[in-house]
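Written below as structure tokens is the structure these notes are about.
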Amino acid sequence: MRIGQLARRSGVSVRALRYYEEQQLLESTRTPGGQRDYSDDALERVELIQDLFAAGLSSRTVVELLPCVSTGVATPAVLDQLTTERDRITERIQDLTRAKTKLDRVIECVIAAGVVSS
């Protein structure tokens, strides 16, 4: 698929897809006319990249981790890094859950006090 089609299907800008290629996160072949051509697996890969970025991983970390996603094989060092990132994400989820709980309490207090105005 061409870059525009991948951008539409993934919801990621063409510029971001070019950046992913620069960072070696995504690969394409070139048509005889020089246009990028992506495999059918590219959409799933872009979605994974987006998820990893949303989880706070840097492009450098994602580059290091993606080969084991493709091959299913990881060195002990990569496994340690995956575990560390997972633990960091788990901690972030816990922090966000605590913040949400506090906001829920504030909302309940405001509603109970009848202090909502239009």
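Please note that chains go A, B, ... in the order of the structure tokens, that every chain numbers its residues from 1, and that ligands are numbered from 1 in the order shown.
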DSSP helix (DSSP H, G or I) residues within chain A, as a PyMOL selection string = chain A and resi 3-10+14-22+42-54+59-71+76-113
Residue with the minimum atom-to-atom distance to Pro67 of chain A, picked from A:Phe53, A:Leu26, A:Ile107, A:Asp87 with only C-alpha atoms counted, is A:Leu26
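For segment 5-15 of chain A, the residues within 9 Å (counting only C-alpha atoms, excluding itself and residues fewer than 2 positions away along the chain) are Met1, Arg2, Ile3, Leu17, Arg18, Tyr19, Tyr20, Tyr38, Ala42, Leu43, Glu44, Val46, Glu47 and Gln50 of chain A.
In this model, the gap between atom CA of Gly33 of chain A and atom CA of Ile49 of chain A comes to 27.7 Å.
Residues in contact with Ser59 of chain A at up to 8 Å, not including ones fewer than 3 positions away on its chain and judged by only C-alpha atoms, are Gln23, Leu25, Phe53, Val62 and Val63 of chain A.
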Keeping only N, CA, C and O atoms, write those residues as a compact mmCIF listing (two decimals), in the first residue's frame.
# COMPACT_ATOMS: atom_id res chain seq x y z
N GLN A 23 13.79 6.64 11.47
CA GLN A 23 14.20 6.06 12.75
C GLN A 23 14.33 4.54 12.68
O GLN A 23 14.60 3.89 13.70
N LEU A 25 11.99 2.37 12.26
CA LEU A 25 10.87 1.72 12.92
C LEU A 25 9.96 1.03 11.91
O LEU A 25 9.21 0.13 12.26
N PHE A 53 4.69 4.42 21.72
CA PHE A 53 4.91 5.85 21.95
C PHE A 53 3.94 6.38 22.99
O PHE A 53 4.31 7.16 23.87
N VAL A 62 12.02 1.98 21.18
CA VAL A 62 11.16 1.20 20.29
C VAL A 62 11.99 0.49 19.23
O VAL A 62 11.76 -0.68 18.93
N VAL A 63 12.99 1.18 18.66
CA VAL A 63 13.87 0.56 17.67
C VAL A 63 14.55 -0.67 18.25
O VAL A 63 14.68 -1.71 17.59
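The two atoms in question, atom CA of Gly4 of chain A and atom CA of Arg36 of chain A, are spaced 9.5 Å apart.
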What does the distance from atom CA of Ala55 of chain A to atom CA of Thr84 of chain A come to in Å, to one decimal?
-> 12.6 Å
